[in-house]
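As structure tokens, the structure follows; a few thoughts come after it.
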Amino acid sequence: MNFFERVYQIVRKVPAGKVTTYGAIARSLGTKDARRVGQALHANPDEGEVPCHRVVDKDGRLAPNFAFSTKGRSAFGGDGWQEQRRRLLAEGVKFRDVIHVDLSKHLWKLE
DNA sequence: CCGATGACGCGCC
DNA sequence: GGGCGCGCCATCG
């Protein structure tokens with residue numbers, strides 16, 4: 001099982017209304033390279049199976065260039081984080097401000 | 001082959 | 001707090 005698959009496996013376990021962070025995932029995989037986790041999600045093969053909008057950075061900030069590039073291009077241009085925010089709000093996630101998730105209430109602890 | 005890049009994070013100023 | 005530099009390492013040009 002490669003790195004990407006392991007990232008997806010973890011993200012799939014995050015329940016609706018909860019979020020996790022790139023760094024937390026990286027550490028649970030035994031690496032400090034959070035950037036590679038981001039790469040994996042950017043190459044996310046199927047949003048339906050991997051709820052990548054539930055992954056934020058360590059400050060709860062949404063991905064500035066969040067986008068589904070699975071088909072080779074981003075579907076939301078440079079404002080993908082807006083789509084990410086909508087999805088989280090729809091799941092009941094609260095925000096500290098327009099782009100920061102309230103981690104103290106929604107951070108999901110990895111197994 | 002090599003340098004630049006990036007859905008990140010942390011330490012310093 | 002905002003901005004900058006560096007480490008990280010697979011990919012890309």
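By order in the structure tokens, chains are A, B, ...; within a chain, residues start at 1; ligands start at 1, following the order shown.
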Output as a PDB file with N, CA, C and O atoms, in the first residue's frame all residues of segment 3-98 of chain A that backbone DSSP marks as alpha helix (DSSP H).
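The file below, result-v1.pdb, is the result:
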```
ATOM      1  N   PHE A   3       1.844   5.451  -0.111  1.00  0.00           N
ATOM      2  CA  PHE A   3       1.557   6.625   0.722  1.00  0.00           C
ATOM      3  C   PHE A   3       0.191   7.241   0.449  1.00  0.00           C
ATOM      4  O   PHE A   3      -0.577   7.497   1.372  1.00  0.00           O
ATOM      5  N   PHE A   4      -0.120   7.428  -0.800  1.00  0.00           N
ATOM      6  CA  PHE A   4      -1.399   8.032  -1.171  1.00  0.00           C
ATOM      7  C   PHE A   4      -2.570   7.243  -0.602  1.00  0.00           C
ATOM      8  O   PHE A   4      -3.467   7.794   0.011  1.00  0.00           O
ATOM      9  N   GLU A   5      -2.546   5.947  -0.799  1.00  0.00           N
ATOM     10  CA  GLU A   5      -3.651   5.115  -0.331  1.00  0.00           C
ATOM     11  C   GLU A   5      -3.837   5.199   1.171  1.00  0.00           C
ATOM     12  O   GLU A   5      -4.953   5.188   1.678  1.00  0.00           O
ATOM     13  N   ARG A   6      -2.704   5.257   1.876  1.00  0.00           N
ATOM     14  CA  ARG A   6      -2.799   5.337   3.332  1.00  0.00           C
ATOM     15  C   ARG A   6      -3.425   6.655   3.761  1.00  0.00           C
ATOM     16  O   ARG A   6      -4.162   6.726   4.736  1.00  0.00           O
ATOM     17  N   VAL A   7      -3.116   7.711   3.012  1.00  0.00           N
ATOM     18  CA  VAL A   7      -3.712   9.005   3.326  1.00  0.00           C
ATOM     19  C   VAL A   7      -5.220   8.904   3.118  1.00  0.00           C
ATOM     20  O   VAL A   7      -6.009   9.298   3.978  1.00  0.00           O
ATOM     21  N   TYR A   8      -5.624   8.355   1.995  1.00  0.00           N
ATOM     22  CA  TYR A   8      -7.050   8.242   1.692  1.00  0.00           C
ATOM     23  C   TYR A   8      -7.762   7.396   2.742  1.00  0.00           C
ATOM     24  O   TYR A   8      -8.863   7.690   3.165  1.00  0.00           O
ATOM     25  N   GLN A   9      -7.101   6.338   3.161  1.00  0.00           N
ATOM     26  CA  GLN A   9      -7.704   5.438   4.130  1.00  0.00           C
ATOM     27  C   GLN A   9      -8.027   6.174   5.428  1.00  0.00           C
ATOM     28  O   GLN A   9      -9.084   5.990   6.019  1.00  0.00           O
ATOM     29  N   ILE A  10      -7.105   7.028   5.836  1.00  0.00           N
ATOM     30  CA  ILE A  10      -7.318   7.798   7.060  1.00  0.00           C
ATOM     31  C   ILE A  10      -8.426   8.832   6.876  1.00  0.00           C
ATOM     32  O   ILE A  10      -9.321   8.957   7.702  1.00  0.00           O
ATOM     33  N   VAL A  11      -8.368   9.571   5.766  1.00  0.00           N
ATOM     34  CA  VAL A  11      -9.363  10.619   5.536  1.00  0.00           C
ATOM     35  C   VAL A  11     -10.781  10.049   5.454  1.00  0.00           C
ATOM     36  O   VAL A  11     -11.738  10.664   5.905  1.00  0.00           O
ATOM     37  N   ARG A  12     -10.885   8.857   4.898  1.00  0.00           N
ATOM     38  CA  ARG A  12     -12.210   8.226   4.801  1.00  0.00           C
ATOM     39  C   ARG A  12     -12.845   7.974   6.166  1.00  0.00           C
ATOM     40  O   ARG A  12     -14.046   7.872   6.283  1.00  0.00           O
ATOM     41  N   TYR A  22      -3.382  18.178   7.971  1.00  0.00           N
ATOM     42  CA  TYR A  22      -2.353  17.555   7.135  1.00  0.00           C
ATOM     43  C   TYR A  22      -1.233  17.020   8.032  1.00  0.00           C
ATOM     44  O   TYR A  22      -0.774  15.901   7.854  1.00  0.00           O
ATOM     45  N   GLY A  23      -0.829  17.850   8.967  1.00  0.00           N
ATOM     46  CA  GLY A  23       0.262  17.462   9.845  1.00  0.00           C
ATOM     47  C   GLY A  23      -0.060  16.229  10.674  1.00  0.00           C
ATOM     48  O   GLY A  23       0.778  15.343  10.836  1.00  0.00           O
ATOM     49  N   ALA A  24      -1.289  16.166  11.188  1.00  0.00           N
ATOM     50  CA  ALA A  24      -1.685  15.038  12.026  1.00  0.00           C
ATOM     51  C   ALA A  24      -1.632  13.753  11.205  1.00  0.00           C
ATOM     52  O   ALA A  24      -1.170  12.717  11.671  1.00  0.00           O
ATOM     53  N   ILE A  25      -2.097  13.827   9.987  1.00  0.00           N
ATOM     54  CA  ILE A  25      -2.085  12.656   9.108  1.00  0.00           C
ATOM     55  C   ILE A  25      -0.645  12.240   8.831  1.00  0.00           C
ATOM     56  O   ILE A  25      -0.293  11.064   8.938  1.00  0.00           O
ATOM     57  N   ALA A  26       0.187  13.210   8.521  1.00  0.00           N
ATOM     58  CA  ALA A  26       1.587  12.925   8.215  1.00  0.00           C
ATOM     59  C   ALA A  26       2.246  12.212   9.389  1.00  0.00           C
ATOM     60  O   ALA A  26       2.889  11.173   9.212  1.00  0.00           O
ATOM     61  N   ARG A  27       2.057  12.748  10.591  1.00  0.00           N
ATOM     62  CA  ARG A  27       2.673  12.139  11.765  1.00  0.00           C
ATOM     63  C   ARG A  27       2.164  10.731  12.006  1.00  0.00           C
ATOM     64  O   ARG A  27       2.919   9.832  12.357  1.00  0.00           O
ATOM     65  N   SER A  28       0.875  10.520  11.803  1.00  0.00           N
ATOM     66  CA  SER A  28       0.344   9.190  12.070  1.00  0.00           C
ATOM     67  C   SER A  28       0.865   8.195  11.034  1.00  0.00           C
ATOM     68  O   SER A  28       0.759   6.992  11.223  1.00  0.00           O
ATOM     69  N   ALA A  34       4.120  17.018   5.804  1.00  0.00           N
ATOM     70  CA  ALA A  34       2.696  17.295   5.609  1.00  0.00           C
ATOM     71  C   ALA A  34       2.397  17.683   4.174  1.00  0.00           C
ATOM     72  O   ALA A  34       1.301  17.468   3.675  1.00  0.00           O
ATOM     73  N   ARG A  35       3.413  18.230   3.493  1.00  0.00           N
ATOM     74  CA  ARG A  35       3.169  18.687   2.122  1.00  0.00           C
ATOM     75  C   ARG A  35       2.782  17.526   1.235  1.00  0.00           C
ATOM     76  O   ARG A  35       1.998  17.655   0.313  1.00  0.00           O
ATOM     77  N   ARG A  36       3.360  16.378   1.526  1.00  0.00           N
ATOM     78  CA  ARG A  36       3.081  15.216   0.693  1.00  0.00           C
ATOM     79  C   ARG A  36       1.633  14.756   0.893  1.00  0.00           C
ATOM     80  O   ARG A  36       1.018  14.187  -0.004  1.00  0.00           O
ATOM     81  N   VAL A  37       1.095  15.004   2.081  1.00  0.00           N
ATOM     82  CA  VAL A  37      -0.298  14.648   2.334  1.00  0.00           C
ATOM     83  C   VAL A  37      -1.156  15.527   1.420  1.00  0.00           C
ATOM     84  O   VAL A  37      -2.123  15.069   0.812  1.00  0.00           O
ATOM     85  N   GLY A  38      -0.763  16.780   1.341  1.00  0.00           N
ATOM     86  CA  GLY A  38      -1.494  17.706   0.476  1.00  0.00           C
ATOM     87  C   GLY A  38      -1.442  17.259  -0.965  1.00  0.00           C
ATOM     88  O   GLY A  38      -2.432  17.314  -1.689  1.00  0.00           O
ATOM     89  N   GLN A  39      -0.295  16.781  -1.372  1.00  0.00           N
ATOM     90  CA  GLN A  39      -0.149  16.314  -2.761  1.00  0.00           C
ATOM     91  C   GLN A  39      -1.092  15.160  -3.020  1.00  0.00           C
ATOM     92  O   GLN A  39      -1.722  15.069  -4.063  1.00  0.00           O
ATOM     93  N   ALA A  40      -1.189  14.276  -2.041  1.00  0.00           N
ATOM     94  CA  ALA A  40      -2.047  13.107  -2.189  1.00  0.00           C
ATOM     95  C   ALA A  40      -3.497  13.546  -2.376  1.00  0.00           C
ATOM     96  O   ALA A  40      -4.199  13.044  -3.249  1.00  0.00           O
ATOM     97  N   LEU A  41      -3.927  14.492  -1.546  1.00  0.00           N
ATOM     98  CA  LEU A  41      -5.312  14.935  -1.651  1.00  0.00           C
ATOM     99  C   LEU A  41      -5.562  15.702  -2.939  1.00  0.00           C
ATOM    100  O   LEU A  41      -6.633  15.623  -3.517  1.00  0.00           O
ATOM    101  N   HIS A  42      -4.548  16.416  -3.382  1.00  0.00           N
ATOM    102  CA  HIS A  42      -4.711  17.175  -4.620  1.00  0.00           C
ATOM    103  C   HIS A  42      -4.923  16.207  -5.775  1.00  0.00           C
ATOM    104  O   HIS A  42      -5.627  16.498  -6.727  1.00  0.00           O
ATOM    105  N   GLY A  80     -11.373  27.702  -4.676  1.00  0.00           N
ATOM    106  CA  GLY A  80     -11.900  26.425  -4.218  1.00  0.00           C
ATOM    107  C   GLY A  80     -12.229  26.379  -2.744  1.00  0.00           C
ATOM    108  O   GLY A  80     -13.129  25.653  -2.331  1.00  0.00           O
ATOM    109  N   TRP A  81     -11.531  27.159  -1.927  1.00  0.00           N
ATOM    110  CA  TRP A  81     -11.778  27.129  -0.482  1.00  0.00           C
ATOM    111  C   TRP A  81     -13.217  27.509  -0.154  1.00  0.00           C
ATOM    112  O   TRP A  81     -13.764  27.096   0.862  1.00  0.00           O
ATOM    113  N   GLN A  82     -13.839  28.296  -1.038  1.00  0.00           N
ATOM    114  CA  GLN A  82     -15.234  28.682  -0.797  1.00  0.00           C
ATOM    115  C   GLN A  82     -16.131  27.457  -0.856  1.00  0.00           C
ATOM    116  O   GLN A  82     -17.059  27.303  -0.062  1.00  0.00           O
ATOM    117  N   GLU A  83     -15.835  26.597  -1.805  1.00  0.00           N
ATOM    118  CA  GLU A  83     -16.614  25.363  -1.945  1.00  0.00           C
ATOM    119  C   GLU A  83     -16.358  24.474  -0.736  1.00  0.00           C
ATOM    120  O   GLU A  83     -17.270  23.868  -0.179  1.00  0.00           O
ATOM    121  N   GLN A  84     -15.103  24.432  -0.320  1.00  0.00           N
ATOM    122  CA  GLN A  84     -14.747  23.625   0.847  1.00  0.00           C
ATOM    123  C   GLN A  84     -15.517  24.146   2.064  1.00  0.00           C
ATOM    124  O   GLN A  84     -16.051  23.364   2.848  1.00  0.00           O
ATOM    125  N   ARG A  85     -15.587  25.445   2.228  1.00  0.00           N
ATOM    126  CA  ARG A  85     -16.286  26.047   3.370  1.00  0.00           C
ATOM    127  C   ARG A  85     -17.766  25.687   3.350  1.00  0.00           C
ATOM    128  O   ARG A  85     -18.351  25.309   4.369  1.00  0.00           O
ATOM    129  N   ARG A  86     -18.378  25.763   2.184  1.00  0.00           N
ATOM    130  CA  ARG A  86     -19.801  25.427   2.074  1.00  0.00           C
ATOM    131  C   ARG A  86     -20.072  24.010   2.523  1.00  0.00           C
ATOM    132  O   ARG A  86     -21.015  23.731   3.250  1.00  0.00           O
ATOM    133  N   ARG A  87     -19.231  23.081   2.068  1.00  0.00           N
ATOM    134  CA  ARG A  87     -19.434  21.678   2.428  1.00  0.00           C
ATOM    135  C   ARG A  87     -19.321  21.467   3.919  1.00  0.00           C
ATOM    136  O   ARG A  87     -20.076  20.708   4.510  1.00  0.00           O
ATOM    137  N   LEU A  88     -18.373  22.141   4.538  1.00  0.00           N
ATOM    138  CA  LEU A  88     -18.191  21.968   5.977  1.00  0.00           C
ATOM    139  C   LEU A  88     -19.371  22.563   6.735  1.00  0.00           C
ATOM    140  O   LEU A  88     -19.879  21.980   7.693  1.00  0.00           O
ATOM    141  N   LEU A  89     -19.835  23.728   6.297  1.00  0.00           N
ATOM    142  CA  LEU A  89     -20.971  24.367   6.955  1.00  0.00           C
ATOM    143  C   LEU A  89     -22.185  23.450   6.866  1.00  0.00           C
ATOM    144  O   LEU A  89     -22.943  23.297   7.821  1.00  0.00           O
ATOM    145  N   ALA A  90     -22.335  22.814   5.710  1.00  0.00           N
ATOM    146  CA  ALA A  90     -23.469  21.916   5.497  1.00  0.00           C
ATOM    147  C   ALA A  90     -23.427  20.730   6.458  1.00  0.00           C
ATOM    148  O   ALA A  90     -24.453  20.122   6.753  1.00  0.00           O
TER     149      ALA A  90
END
```
Non-local contacts of Asp59 of chain A (9 Å; only C-alpha atoms (C1' of nucleotides); under 5 positions in same chain excluded) as a ChimeraX atom specification:
/A:21,100-101,103
Show me, as a PDB file with N, CA, C and O atoms (P, O5', C5', C4', C3', O3' and C1' of nucleotides), in the first residue's frame, the residues of chain B whose atoms get within 12 Å of chain A, using only C-alpha atoms (C1' of nucleotides) for the distance check.
```
ATOM      1  P    DT B   5       9.538  28.528  -8.821  1.00  0.00           P
ATOM      2  O5'  DT B   5       8.602  27.326  -8.374  1.00  0.00           O
ATOM      3  C5'  DT B   5       8.238  26.359  -9.333  1.00  0.00           C
ATOM      4  C4'  DT B   5       7.141  25.468  -8.790  1.00  0.00           C
ATOM      5  C3'  DT B   5       6.354  26.060  -7.631  1.00  0.00           C
ATOM      6  O3'  DT B   5       4.988  25.754  -7.801  1.00  0.00           O
ATOM      7  C1'  DT B   5       7.288  23.992  -7.002  1.00  0.00           C
ATOM      8  P    DG B   6       3.875  26.612  -7.030  1.00  0.00           P
ATOM      9  O5'  DG B   6       3.307  25.488  -6.051  1.00  0.00           O
ATOM     10  C5'  DG B   6       2.701  24.327  -6.592  1.00  0.00           C
ATOM     11  C4'  DG B   6       2.426  23.361  -5.460  1.00  0.00           C
ATOM     12  C3'  DG B   6       1.823  24.020  -4.217  1.00  0.00           C
ATOM     13  O3'  DG B   6       0.710  23.261  -3.731  1.00  0.00           O
ATOM     14  C1'  DG B   6       3.774  22.806  -3.655  1.00  0.00           C
ATOM     15  P    DA B   7      -0.671  24.070  -4.077  1.00  0.00           P
ATOM     16  O5'  DA B   7      -1.390  24.111  -2.702  1.00  0.00           O
ATOM     17  C5'  DA B   7      -2.527  23.309  -2.569  1.00  0.00           C
ATOM     18  C4'  DA B   7      -2.856  23.128  -1.133  1.00  0.00           C
ATOM     19  C3'  DA B   7      -1.870  22.261  -0.351  1.00  0.00           C
ATOM     20  O3'  DA B   7      -1.907  22.649   1.023  1.00  0.00           O
ATOM     21  C1'  DA B   7      -3.951  21.174  -0.502  1.00  0.00           C
ATOM     22  P    DC B   8      -0.776  23.632   1.655  1.00  0.00           P
ATOM     23  O5'  DC B   8       0.042  22.653   2.584  1.00  0.00           O
ATOM     24  C5'  DC B   8      -0.510  21.518   3.201  1.00  0.00           C
ATOM     25  C4'  DC B   8       0.304  21.186   4.424  1.00  0.00           C
ATOM     26  C3'  DC B   8       0.052  22.083   5.631  1.00  0.00           C
ATOM     27  O3'  DC B   8       0.067  21.294   6.820  1.00  0.00           O
ATOM     28  C1'  DC B   8       2.303  22.196   5.066  1.00  0.00           C
ATOM     29  P    DG B   9      -0.086  21.915   8.266  1.00  0.00           P
ATOM     30  O5'  DG B   9       1.403  22.148   8.762  1.00  0.00           O
ATOM     31  C5'  DG B   9       2.254  21.022   8.910  1.00  0.00           C
ATOM     32  C4'  DG B   9       3.448  21.355   9.783  1.00  0.00           C
ATOM     33  C3'  DG B   9       3.109  22.249  10.976  1.00  0.00           C
ATOM     34  O3'  DG B   9       3.953  21.885  12.065  1.00  0.00           O
ATOM     35  C1'  DG B   9       4.628  23.368   9.599  1.00  0.00           C
ATOM     36  P    DC B  10       3.752  22.528  13.548  1.00  0.00           P
ATOM     37  O5'  DC B  10       5.191  23.076  13.932  1.00  0.00           O
ATOM     38  C5'  DC B  10       6.357  22.443  13.415  1.00  0.00           C
ATOM     39  C4'  DC B  10       7.536  23.380  13.543  1.00  0.00           C
ATOM     40  C3'  DC B  10       7.333  24.363  14.690  1.00  0.00           C
ATOM     41  O3'  DC B  10       8.559  24.591  15.368  1.00  0.00           O
ATOM     42  C1'  DC B  10       7.656  25.558  12.704  1.00  0.00           C
TER      43       DC B  10
END
```
What's the separation between atom CA of Val50 of chain A and atom CA of Lys13 of chain A, in Å to one decimal place?
9.0 Å
Please identify all polymer residues within 10 Å of segment 1-6 of chain C, counting only C-alpha atoms (C1' of nucleotides), omitting same-chain residues fewer than 5 positions from it, and present them as a CSV table (one decimal) with N, CA, C and O atoms (P, O5', C5', C4', C3', O3' and C1' of nucleotides), in the first residue's frame.
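As written to disk, part-v4.csv reads:
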```
chain,number,residue,atom,x,y,z
B,10,DC,P,3.8,22.5,13.5
B,10,DC,O5',5.2,23.1,13.9
B,10,DC,C5',6.4,22.4,13.4
B,10,DC,C4',7.5,23.4,13.5
B,10,DC,C3',7.3,24.4,14.7
B,10,DC,O3',8.6,24.6,15.4
B,10,DC,C1',7.7,25.6,12.7
B,11,DG,P,8.6,25.5,16.8
B,11,DG,O5',10.1,26.0,16.8
B,11,DG,C5',11.0,25.6,15.8
B,11,DG,C4',11.8,26.8,15.3
B,11,DG,C3',11.8,27.9,16.4
B,11,DG,O3',13.2,28.5,16.4
B,11,DG,C1',10.8,28.8,14.5
B,12,DC,P,13.7,29.4,17.6
B,12,DC,O5',14.0,30.8,16.9
B,12,DC,C5',13.3,31.1,15.7
B,12,DC,C4',13.9,32.3,15.0
B,12,DC,C3',14.1,33.5,15.9
B,12,DC,O3',15.1,34.3,15.5
B,12,DC,C1',12.3,33.8,14.4
B,13,DC,P,15.5,35.6,16.5
B,13,DC,O5',14.7,36.8,15.9
B,13,DC,C5',15.2,37.3,14.7
B,13,DC,C4',14.2,38.2,13.9
B,13,DC,C3',14.0,39.5,14.6
B,13,DC,O3',14.0,40.5,13.5
B,13,DC,C1',11.9,38.5,14.1
```
Could you please tell me, as a VMD selection string, which residues of chain C have an atom within 8 Å of chain A when using only C-alpha atoms (C1' of nucleotides)?
chain C and resid 8 to 10
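Per DSSP on the backbone, strand (DSSP E) in chain A comprises Thr20, Thr21, Val55, Val56, Phe95, Arg96, Asp97, His100 and Val101 of chain A.
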Just how far from atom CA of Asn44 of chain A is atom CA of Gly92 of chain A, in Å to one decimal?
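Atom CA of Asn44 of chain A lies at a distance of 23.6 Å from atom CA of Gly92 of chain A.
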Interatomic distance (Å, one decimal) between atom CA of Arg61 of chain A and atom C1' of DT11 of chain C:
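If I compute the distance from atom CA of Arg61 of chain A to atom C1' of DT11 of chain C, I get 25.0 Å.
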